[in-house]
Each structure stands twice: as structure tokens, then as C-alpha cells.
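File shown: target.txt (compact mmCIF, C-alpha atoms).
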# COMPACT_ATOMS: atom_id res chain seq x y z
CA MET A 1033 272.15 196.68 240.29
CA ILE A 1034 270.01 193.75 241.07
CA ASN A 1035 267.49 196.19 242.43
CA ARG A 1036 267.57 198.07 239.19
CA ILE A 1037 267.10 194.87 237.21
CA ASN A 1038 264.22 193.86 239.49
CA GLU A 1039 262.79 197.33 239.20
CA ARG A 1040 263.17 197.23 235.45
CA GLN A 1041 261.53 193.83 235.25
CA GLN A 1042 258.63 195.12 237.34
CA VAL A 1043 258.35 198.20 235.11
CA ASN A 1044 258.47 196.00 232.01
CA GLY A 1045 255.82 193.71 233.52
CA GLU A 1046 253.70 196.70 234.36
CA LYS A 1047 254.28 198.11 230.86
CA VAL A 1048 253.13 194.83 229.27
CA HIS A 1049 250.11 194.78 231.57
CA LEU A 1050 249.24 198.40 230.73
CA GLU A 1051 249.67 197.72 227.00
CA GLU A 1052 247.26 194.77 227.30
CA VAL A 1053 244.75 196.99 229.15
CA LEU A 1054 245.22 199.70 226.50
CA SER A 1055 244.68 197.17 223.72
CA LYS A 1056 241.49 195.90 225.37
CA LYS A 1057 240.23 199.44 225.88
CA ARG A 1058 240.95 200.32 222.24
CA GLU A 1059 239.04 197.22 221.15
CA ALA A 1060 236.12 198.17 223.41
CA LEU A 1061 236.21 201.72 221.98
CA ARG A 1062 236.19 200.36 218.41
CA ILE A 1063 233.19 198.12 219.23
CA LEU A 1064 231.31 201.06 220.80
CA GLN A 1065 232.03 203.27 217.77
CA LEU A 1066 230.71 200.56 215.41
CA HIS A 1067 227.63 200.17 217.60
CA CYS A 1068 227.04 203.95 217.52
CA GLN A 1069 227.40 204.01 213.73
CA GLU A 1070 224.88 201.18 213.41
CA LYS A 1071 222.42 203.02 215.68
CA GLU A 1072 222.85 206.26 213.69
CA SER A 1073 222.34 204.40 210.42
CA GLU A 1074 219.22 202.72 211.81
CA ALA A 1075 217.88 206.08 213.02
CA GLN A 1076 218.42 207.55 209.55
CA ARG A 1077 216.59 204.61 207.96
CA LEU A 1078 213.72 205.09 210.37
CA ASP A 1079 213.61 208.82 209.58
CA VAL A 1080 213.54 208.10 205.85
CA LYS A 1081 210.90 205.41 206.36
CA GLY A 1082 208.75 207.82 208.41
CA GLU A 1083 209.09 210.55 205.79
CA LEU A 1084 208.22 208.05 203.06
CA GLU A 1085 205.12 206.94 204.96
CA ASP A 1086 204.10 210.58 205.42
CA LEU A 1087 204.54 211.27 201.71
CA MET A 1088 202.58 208.16 200.80
CA GLY A 1089 199.77 209.26 203.13
CA GLN A 1090 199.71 212.71 201.53
CA HIS A 1091 199.69 211.16 198.06
CA LYS A 1092 196.78 208.89 199.03
CA ASP A 1093 194.84 211.86 200.43
CA LEU A 1094 195.43 213.87 197.24
CA TRP A 1095 194.37 210.93 195.08
CA GLU A 1096 191.17 210.44 197.09
CA PHE A 1097 190.41 214.17 196.86
CA HIS A 1098 190.97 214.10 193.09
CA MET A 1099 188.67 211.09 192.70
CA LEU A 1100 185.95 212.77 194.77
CA GLU A 1101 186.38 215.95 192.73
CA GLN A 1102 185.93 214.01 189.48
CA ARG A 1103 182.88 212.18 190.85
CA LEU A 1104 181.32 215.44 191.97
CA ALA A 1105 181.96 217.01 188.55
CA ARG A 1106 180.26 214.02 186.86
CA GLU A 1107 177.28 214.25 189.20
CA ILE A 1108 176.96 217.99 188.56
CA ARG A 1109 177.04 217.43 184.79
CA ASP A 1110 174.39 214.69 185.10
CA LEU A 1111 172.17 216.93 187.21
CA GLU A 1112 172.54 219.81 184.77
CA ARG A 1113 171.57 217.52 181.88
CA SER A 1114 168.56 216.26 183.83
CA LYS A 1115 167.58 219.82 184.68
CA GLU A 1116 167.78 220.87 181.03
CA GLN A 1117 165.77 217.83 179.98
CA LEU A 1118 163.09 218.56 182.57
CA LEU A 1119 162.92 222.22 181.53
CA SER A 1120 162.60 221.19 177.89
CA GLU A 1121 159.83 218.73 178.71
CA ARG A 1122 158.13 221.42 180.79
CA ARG A 1123 158.21 223.86 177.86
CA LEU A 1124 156.77 221.16 175.58
CA VAL A 1125 153.92 220.44 178.00
CA ARG A 1126 153.18 224.17 178.35
CA ALA A 1127 153.07 224.51 174.56
CA LYS A 1128 150.63 221.60 174.37
CA LEU A 1129 148.50 223.22 177.06
CA ARG A 1130 148.46 226.54 175.19
CA GLU A 1131 147.47 224.69 172.03
CA ALA A 1132 144.68 222.89 173.89
CA GLU A 1133 143.52 226.19 175.40
CA ARG A 1134 143.49 227.75 171.94
CA ARG A 1135 141.43 224.86 170.62
CA LEU A 1136 138.99 225.10 173.50
CA ARG A 1137 138.39 228.75 172.74
CA SER A 1138 137.92 228.12 169.04
CA PRO A 1139 134.17 227.67 168.25
CA SER A 1140 134.83 225.18 165.42
CA GLU A 1141 136.67 222.77 167.67
CA VAL A 1142 134.40 222.83 170.72
CA GLU A 1143 133.16 219.29 170.08
CA GLY A 1144 136.61 217.68 170.13
CA ALA A 1145 137.93 219.93 172.86
CA MET A 1146 136.66 217.84 175.74
CA ALA A 1147 138.46 214.71 174.48
CA ALA A 1148 141.66 216.66 173.77
CA GLU A 1149 141.55 218.29 177.19
CA ASP A 1150 141.10 214.92 178.90
CA GLY A 1151 144.02 213.49 176.89
CA LEU A 1152 146.26 216.44 177.79
CA ARG A 1153 145.35 216.20 181.46
CA ALA A 1154 146.18 212.48 181.46
CA GLU A 1155 149.48 213.21 179.73
CA LEU A 1156 150.26 215.93 182.29
CA GLU A 1157 149.53 213.56 185.15
CA ILE A 1158 151.85 210.92 183.65
CA PHE A 1159 154.59 213.51 183.13
CA GLY A 1160 154.19 214.76 186.72
CA GLU A 1161 154.45 211.21 188.03
CA GLN A 1162 157.59 210.60 185.94
CA VAL A 1163 159.22 213.78 187.25
CA GLN A 1164 158.29 212.92 190.83
CA SER A 1165 159.58 209.35 190.39
CA ALA A 1166 162.87 210.59 188.92
CA LEU A 1167 163.35 213.00 191.82
CA GLU A 1168 162.55 210.30 194.36
CA VAL A 1169 165.09 207.96 192.76
CA ARG A 1170 167.75 210.67 192.92
CA VAL A 1171 166.90 211.49 196.50
CA GLY A 1172 167.11 207.79 197.34
CA GLN A 1173 170.56 207.64 195.74
CA GLY A 1174 171.65 210.78 197.55
CA GLU A 1175 172.31 212.58 194.28
CA ALA A 1176 169.82 215.41 194.61
CA GLY A 1177 167.48 217.03 197.04
CA THR A 1178 163.74 217.27 196.60
CA GLU A 1179 164.36 219.44 193.58
CA LEU A 1180 167.13 220.00 191.11
CA PRO A 1181 169.86 222.38 192.28
CA GLY A 1182 169.14 225.91 191.24
CA ALA A 1183 165.59 225.07 190.13
CA ARG A 1184 164.26 227.90 192.25
CA ASP A 1185 166.88 230.26 190.85
CA VAL A 1186 165.82 229.75 187.21
CA GLU A 1187 163.08 232.06 186.06
CA ASP A 1188 160.16 230.36 184.40
CA PRO A 1189 160.60 231.29 180.73
CA GLU A 1190 156.88 231.01 180.05
CA PRO A 1191 153.89 232.28 182.05
CA PRO A 1192 151.61 229.69 183.67
CA VAL A 1193 148.74 228.43 181.56
CA ALA A 1194 145.28 229.22 182.88
CA ASP A 1195 143.07 226.22 183.65
CA PRO A 1196 139.93 226.62 181.50
CA GLU A 1197 137.81 224.86 184.12
CA ALA A 1198 139.06 227.05 186.98
CA PRO A 1199 136.41 229.38 188.41
Please express what this file holds, its structure, as C-alpha cells.
Amino acid sequence: MINRINERQQVNGEKVHLEEVLSKKREALRILQLHCQEKESEAQRLDVKGELEDLMGQHKDLWEFHMLEQRLAREIRDLERSKEQLLSERRLVRAKLREAERRLRSPSEVEGAMAAEDGLRAELEIFGEQVQSALEVRVGQGEAGTELPGARDVEDPEPPVADPEAP
């Protein structure tokens, strides 16, 4: 009986020891589970942060594209206006040249024709310099090439005026 009591005491001591080990292992398991949950939560936050940064980058790219598109549209409108203005001025100069040519051919106006022709030639030179200067400014600003876009594609609405002094 004493052996049984001793055996029982040893079993109880071992039981208490095993329960303490079990308790410590459960506590360690609980701590590891909390640590895993924290790591998973952090990984999710990082995923969301990365996705947010990607979306913000895409939004920035779209905004920049939209701004460039608007700027290009404005530049195209400005160039078209300039082109129309230059064509209008060209038609006006051609009309003045035709009028001067008509006057030169008219016998009653032969005396004043030389002065009118000189005046028209000077005006044409000034206009040509203005056009050249405007094109150079645009080329310097990177807005246009050496000529307006499509200038070669537009048919000249009026035939060239013959130079009365040409041989």
C-alpha cells in the first residue's frame, strides 16, 4: 500500500508537471497564433498599400496624358487659326497685286503705276518678312516646323500673279 501511495504521489507529481508543461505549450501556441495574425494583417496592409500606389500611379499617368492631350488640342487650334490668317493675308496681297497689274496695263494710269508698283513690292517684302519671322518664332518655340502643318496639302485658291517686269 505504501508503494501504491508512493506510486500515486509520483503519478500526481508527474501529472502536475505535465499540466504545467501543457499550460506553457498552450501559452506559446497562443502567442504564435497572435504573431501569425499580426503578420497576416501586416501583409494585407502592404498589399492594399501596394495596390493603392499602383492606382495612384495609373491616375497620375492618365492625368498627365489628359493634360498633354488638351495642350496639343490648343496648339492645333492656334496653328489652324494662324494658317487661316496667313491664307487670308495671302489672298489680300494677291488681290492687291492683281489690282496693281491691272493698273499697270491701263494706259491712263501708266504715270502712277511705277510708284504704286514700288509701294506694293515694299509691302510684299514687309509681309514676307513678317511671315518668315512668325514661322521662325514658332520653330524656336517648337510649335511648328518650317511651314504650317498641311500647308503643302492646301491647294492655292488663286493662280500666281505674273511679275510685269519678268522677261
Measure the distance from atom CA of A:Lys1115 to atom CA of A:Gln1164 in Å and round it to one decimal.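 Atom CA of A:Gln1164 lies at a distance of 13.1 Å from atom CA of A:Lys1115.
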Counting only C-alpha atoms, which of A:Ala1166, A:Glu1052, A:Arg1040, A:Glu1070 gets nearest to A:Leu1118? A:Ala1166
Interatomic distance between atom CA of A:Asn1038 and atom CA of A:Lys1056? 26.8 Å
Between A:Ile1034, A:Leu1136, A:Leu1087, A:Val1125, single out the one closest to A:Ala1154, counting only C-alpha atoms.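 Checking each of A:Ile1034, A:Leu1136, A:Leu1087, A:Val1125 against A:Ala1154, counting only C-alpha atoms, the winner is A:Val1125.
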List as a PyMOL selection string the protein and nucleic acid residues near A:Phe1159, meaning an atom at most 12 Å away when only C-alpha atoms are counted, but skip any in the same chain fewer than 2 places from it. chain A and resi 1118+1121-1122+1124-1126+1152-1157+1161-1166
Could you check how far atom CA of A:Ile1108 sits from atom CA of A:Gly1160, in Å to one decimal?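 Computing it gives 23.1 Å between the two atoms.
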